[in-house]
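A.B. asks: The following file, my_file.cif, comprises mmCIF, C-alpha atoms and all ligand atoms:
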```cif
data_start
#
loop_
_atom_site.label_atom_id
_atom_site.label_comp_id
_atom_site.auth_asym_id
_atom_site.auth_seq_id
_atom_site.Cartn_x
_atom_site.Cartn_y
_atom_site.Cartn_z
CA MET Z 1 9.89 62.17 11.54
CA ASP Z 2 8.48 60.53 14.62
CA ARG Z 3 5.67 58.00 14.37
CA LYS Z 4 2.95 60.35 15.63
CA LYS Z 5 3.86 62.99 13.08
CA PHE Z 6 4.06 60.37 10.35
CA LEU Z 7 0.55 59.15 11.11
CA LYS Z 8 -0.75 62.69 11.32
CA ASN Z 9 0.69 63.49 7.93
CA LEU Z 10 -1.10 60.48 6.54
CA GLY Z 11 -4.37 61.73 7.96
CA LEU Z 12 -4.45 58.72 10.23
CA GLY Z 13 -3.69 60.47 13.49
CA VAL Z 14 -6.64 58.71 15.05
CA VAL Z 15 -4.65 55.51 15.03
CA ALA Z 16 -1.61 57.08 16.65
CA THR Z 17 -2.37 55.08 19.75
CA PRO Z 18 0.27 52.42 19.35
CA ILE Z 19 -1.05 49.31 17.72
CA VAL Z 20 2.49 48.12 17.36
CA THR Z 21 2.72 45.90 20.35
CA SER Z 22 4.95 42.96 20.75
CA SER Z 23 1.97 40.84 21.69
CA LEU Z 24 0.69 41.30 18.15
CA ILE Z 25 3.92 40.11 16.66
CA SER Z 26 4.70 36.46 16.64
CA CYS Z 27 7.63 34.79 15.06
CA SER Z 28 8.65 31.66 13.27
CA LYS Z 29 7.22 28.46 14.62
CA GLU Z 30 10.50 27.46 16.21
CA ASP Z 31 10.53 30.79 18.01
CA ASP Z 32 7.04 30.54 19.47
CA ASN Z 33 8.43 30.40 22.97
CA LEU Z 34 10.18 33.73 22.42
CA GLU Z 35 7.06 35.82 21.91
CA GLY Z 36 7.11 38.98 23.98
CA PRO Z 37 8.87 42.30 24.29
CA ASP Z 38 12.35 40.79 24.18
CA ASN Z 39 11.74 38.88 21.00
CA ASN Z 40 14.09 39.95 18.22
CA LYS Z 41 14.08 36.57 16.53
CA CYS Z 42 11.62 37.10 13.73
CA GLY Z 43 14.13 36.27 11.00
CA ILE Z 44 14.17 37.34 7.37
CA THR Z 45 10.58 37.50 6.11
CA LYS Z 46 9.86 34.66 3.73
CA SER Z 47 8.74 35.20 0.17
CA ASP Z 48 5.38 34.02 -1.08
CA MET Z 49 3.57 33.71 -4.40
CA LEU Z 50 3.23 36.84 -6.54
CA GLY Z 51 -0.06 35.43 -7.80
CA PRO Z 52 -1.76 36.25 -11.10
CA TYR Z 53 -3.08 39.70 -10.17
CA TYR Z 54 -0.03 41.91 -9.64
CA VAL Z 55 -0.34 45.21 -11.51
CA SER Z 56 2.76 47.41 -11.69
CA GLY Z 57 2.79 51.18 -11.66
CA THR Z 58 0.06 51.75 -9.08
CA SER Z 59 -0.22 55.01 -7.16
CA LYS Z 60 1.12 56.10 -3.80
CA ILE Z 61 -1.94 55.99 -1.60
CA THR Z 62 -2.88 55.47 2.03
CA ASP Z 63 -6.50 54.40 1.57
CA LEU Z 64 -6.53 51.63 -1.02
CA ASN Z 65 -10.32 51.54 -1.19
CA THR Z 66 -10.58 54.31 -3.75
CA GLN Z 67 -13.99 53.20 -5.00
CA ASN Z 68 -15.61 52.84 -1.59
CA LEU Z 69 -16.26 49.16 -2.02
CA PRO Z 70 -18.22 47.56 0.82
CA GLY Z 71 -16.37 45.79 3.57
CA ASP Z 72 -14.89 45.97 7.04
CA LYS Z 73 -12.43 48.79 7.42
CA ILE Z 74 -8.90 47.65 8.18
CA ILE Z 75 -5.73 49.53 9.09
CA VAL Z 76 -2.43 47.76 8.65
CA SER Z 77 0.71 49.19 10.13
CA GLY Z 78 4.16 47.85 10.67
CA LYS Z 79 7.83 48.38 10.48
CA LEU Z 80 10.46 47.39 7.96
CA PHE Z 81 13.90 46.26 9.08
CA GLY Z 82 17.13 45.37 7.34
CA GLY Z 83 18.20 41.95 8.48
CA THR Z 84 17.06 40.14 11.57
CA ASP Z 85 17.73 42.65 14.33
CA LYS Z 86 15.69 45.73 15.00
CA SER Z 87 18.49 48.27 14.96
CA LYS Z 88 18.21 48.88 11.21
CA PRO Z 89 14.84 50.31 10.20
CA ILE Z 90 14.62 50.83 6.45
CA ALA Z 91 13.52 54.32 5.46
CA ASN Z 92 11.87 55.26 2.19
CA ALA Z 93 11.16 51.72 1.04
CA MET Z 94 8.30 51.13 -1.36
CA ILE Z 95 5.64 48.69 -0.22
CA GLU Z 96 3.19 47.79 -2.97
CA VAL Z 97 -0.02 46.24 -1.64
CA TRP Z 98 -2.86 44.54 -3.45
CA HIS Z 99 -5.74 42.38 -2.27
CA ALA Z 100 -9.17 41.00 -3.05
CA ASP Z 101 -12.40 42.80 -2.22
CA SER Z 102 -14.77 41.45 0.42
CA GLY Z 103 -16.21 39.05 -2.14
CA GLY Z 104 -12.79 37.67 -3.09
CA THR Z 105 -12.38 39.52 -6.39
CA TYR Z 106 -9.34 41.53 -7.49
CA HIS Z 107 -9.63 44.84 -9.33
CA PRO Z 108 -8.68 44.21 -12.04
CA VAL Z 109 -8.81 40.43 -12.36
CA GLY Z 110 -5.58 40.62 -14.29
CA ASP Z 111 -1.96 41.72 -14.28
CA GLY Z 112 0.26 43.99 -16.37
CA ASN Z 113 0.60 47.71 -15.81
CA VAL Z 114 -1.96 50.27 -14.67
CA SER Z 115 -1.76 51.83 -18.12
CA ASP Z 116 -3.41 48.67 -19.47
CA TYR Z 117 -6.62 49.56 -17.62
CA THR Z 118 -9.02 52.44 -17.28
CA PRO Z 119 -8.81 54.05 -13.82
CA ASP Z 120 -12.24 52.75 -12.79
CA LYS Z 121 -10.90 49.18 -13.02
CA ILE Z 122 -8.13 49.83 -10.49
CA THR Z 123 -8.74 49.67 -6.76
CA LEU Z 124 -7.55 47.93 -3.58
CA ARG Z 125 -4.02 48.48 -4.89
CA GLY Z 126 -1.29 51.01 -4.38
CA PHE Z 127 1.94 51.64 -2.54
CA VAL Z 128 3.14 53.33 0.61
CA ASN Z 129 6.62 54.40 1.66
CA THR Z 130 8.27 53.77 4.98
CA ASP Z 131 9.20 56.80 7.07
CA ALA Z 132 12.63 57.53 8.57
CA GLN Z 133 11.96 54.98 11.33
CA GLY Z 134 10.85 52.28 8.90
CA ASN Z 135 7.15 52.64 9.73
CA TYR Z 136 4.43 52.08 7.18
CA ILE Z 137 0.64 52.25 7.37
CA PHE Z 138 -2.30 51.92 5.02
CA GLN Z 139 -6.02 51.39 5.26
CA SER Z 140 -8.47 49.46 3.14
CA ILE Z 141 -11.22 46.90 3.57
CA ARG Z 142 -10.61 43.42 4.90
CA PRO Z 143 -9.76 41.09 2.02
CA GLY Z 144 -12.35 38.46 1.22
CA LEU Z 145 -11.82 34.79 0.67
CA TYR Z 146 -11.54 33.17 -2.71
CA PRO Z 147 -11.36 29.46 -3.40
CA GLY Z 148 -8.22 27.71 -2.33
CA ARG Z 149 -6.54 30.50 -0.36
CA PRO Z 150 -6.59 31.84 3.17
CA ARG Z 151 -7.42 35.53 3.61
CA HIS Z 152 -4.34 37.60 2.69
CA PHE Z 153 -2.71 40.80 1.54
CA HIS Z 154 -0.02 40.75 -1.15
CA TYR Z 155 3.15 42.80 -0.59
CA ARG Z 156 6.00 43.62 -2.96
CA ILE Z 157 8.74 45.54 -1.20
CA THR Z 158 11.63 47.35 -2.82
CA ALA Z 159 14.38 49.20 -0.95
CA ASN Z 160 17.87 50.33 -1.89
CA GLY Z 161 20.47 47.84 -0.71
CA TYR Z 162 18.00 45.00 -0.16
CA LYS Z 163 16.58 42.14 -2.20
CA THR Z 164 13.08 42.79 -3.49
CA LEU Z 165 10.62 40.79 -1.44
CA VAL Z 166 7.33 39.46 -2.80
CA THR Z 167 5.30 38.07 0.05
CA GLN Z 168 1.86 37.83 1.63
CA ILE Z 169 0.49 38.40 5.12
CA TYR Z 170 -2.33 36.39 6.63
CA PHE Z 171 -5.01 36.54 9.30
CA LYS Z 172 -4.74 34.67 12.57
CA ASP Z 173 -8.54 34.48 12.86
CA ASP Z 174 -8.89 32.65 9.54
CA PRO Z 175 -8.93 28.90 10.21
CA THR Z 176 -7.94 28.14 6.62
CA THR Z 177 -4.54 29.76 7.24
CA ALA Z 178 -3.57 26.45 8.79
CA ASN Z 179 -3.99 24.81 5.38
CA GLU Z 180 -0.74 26.39 4.21
CA ASN Z 181 2.70 26.15 5.73
CA ILE Z 182 3.03 29.77 6.81
CA GLU Z 183 5.48 30.81 9.49
CA ASN Z 184 3.89 32.67 12.35
CA CYS Z 185 5.63 35.97 11.59
CA ARG Z 186 3.30 36.52 8.66
CA ILE Z 187 0.11 35.49 10.46
CA ILE Z 188 -1.21 38.73 11.88
CA ASP Z 189 -3.52 39.00 14.88
CA PHE Z 190 -5.91 41.64 13.54
CA LYS Z 191 -8.20 42.95 16.28
CA LYS Z 192 -11.48 44.75 15.78
CA ASP Z 193 -11.75 47.99 17.73
CA SER Z 194 -14.91 49.53 19.21
CA ALA Z 195 -15.59 51.35 15.93
CA GLY Z 196 -15.49 48.07 14.03
CA THR Z 197 -12.12 48.68 12.39
CA TYR Z 198 -9.64 45.84 12.18
CA LYS Z 199 -6.11 46.81 13.18
CA GLY Z 200 -2.93 44.82 13.01
CA ASN Z 201 0.78 45.10 12.75
CA ALA Z 202 2.98 43.32 10.24
CA GLU Z 203 6.71 43.54 10.78
CA ILE Z 204 8.92 42.77 7.80
CA HIS Z 205 12.62 41.92 7.63
CA LEU Z 206 14.45 42.27 4.33
CA GLU Z 207 17.59 40.48 3.23
CA SER Z 208 20.58 42.60 2.15
CA ASN Z 209 21.78 42.48 -1.43
FE FE B 1 -4.16 36.71 -3.69
#
```
Can you give me the file's structure in the form of structure tokens?
C.D. replies:
Amino acid sequence: MDRKKFLKNLGLGVVATPIVTSSLISCSKEDDNLEGPDNNKCGITKSDMLGPYYVSGTSKITDLNTQNLPGDKIIVSGKLFGGTDKSKPIANAMIEVWHADSGGTYHPVGDGNVSDYTPDKITLRGFVNTDAQGNYIFQSIRPGLYPGRPRHFHYRITANGYKTLVTQIYFKDDPTTANENIENCRIIDFKKDSAGTYKGNAEIHLESN
């Protein structure tokens, strides 16, 4: 399935205009000078804290904001690769995503399995699958800040033949990102479009088993 069709099937055809541009992708600090269309040096994506609010068993979903919580709309897209080059997109991987609401609170403020909670307690969580070209996309609201952490999304990625990756992606426009030692590949340059929606691209590279 090509990217346009993939987005259309997700009901997100309006974002089919490519937001995957090399200028939005930066790489590890030592590779800063390699930014640009010829940059294939992003390296294996580093792991990051699972945190205390991972809930297993969430639903496949493209709009994580199932309870229409207030906040700035955000669309995150990206591509998943096996290894460090870009010749091996990973199809049909599972990317679980969870994040805080605009006030910095998780739903639920807890962990475990979805079956531990009533459905009304679960939102801003779910998973998407990559398509045949390794593309993924989801929408939600921009995560809020909570004490001690830069703004972030949590990812847990599972794919046949690759090590499960628990990681986080961050926001270039958040000055507190500099408080943590995060390589540039995971600091995403989200841009607000004319409709007020943030859009950004997070490329991920998994390590083989
Ligand atoms: Fe978190």
A.B. asks: Find, counting all atoms listed in the file, the residue in Z:Val55, Z:Ala91, Z:Val97, Z:Ile204 that gets nearest to His154 of chain Z.
C.D. replies: Z:Val97
A.B. asks: Would you please work out which residue, of Z:Asn65, Z:Asn135, Z:Gln168, Z:Thr58, is nearest to ligand FE 1 (chain B) when using all atoms listed in the file?
C.D. replies: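 Ranking Z:Asn65, Z:Asn135, Z:Gln168, Z:Thr58 by distance to ligand FE 1 (chain B), first place goes to Z:Gln168.
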A.B. asks: Near Ile182 of chain Z, counting all atoms listed in the file, which residues have an atom at most 10 Å away, once you skip same-chain residues fewer than 3 positions from it, shown as a list in words?
C.D. replies: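 So, after excluding close chain neighbours, the residues are Ser28, Lys29, Lys46, Asp48, Gln168, Ile169, Tyr170, Thr177, Ala178, Asn179, Cys185, Arg186 and Ile187 of chain Z.
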A.B. asks: Would you mind telling me which residue in Z:Thr176, Z:Asn209, Z:Thr66, Z:Ser56 lies nearest to Asp116 of chain Z when using all atoms listed in the file?
C.D. replies: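 Using all atoms listed in the file, Asp116 of chain Z sits closest to Z:Ser56.
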A.B. asks: Got a sec to check which residues lie within 12 Å of ligand FE 1 (chain B), using only C-alpha atoms and all ligand atoms, and send them as a PyMOL selection string?
C.D. replies: chain Z and resi 48-54+97-101+104-107+109-111+124-125+143-155+166-170
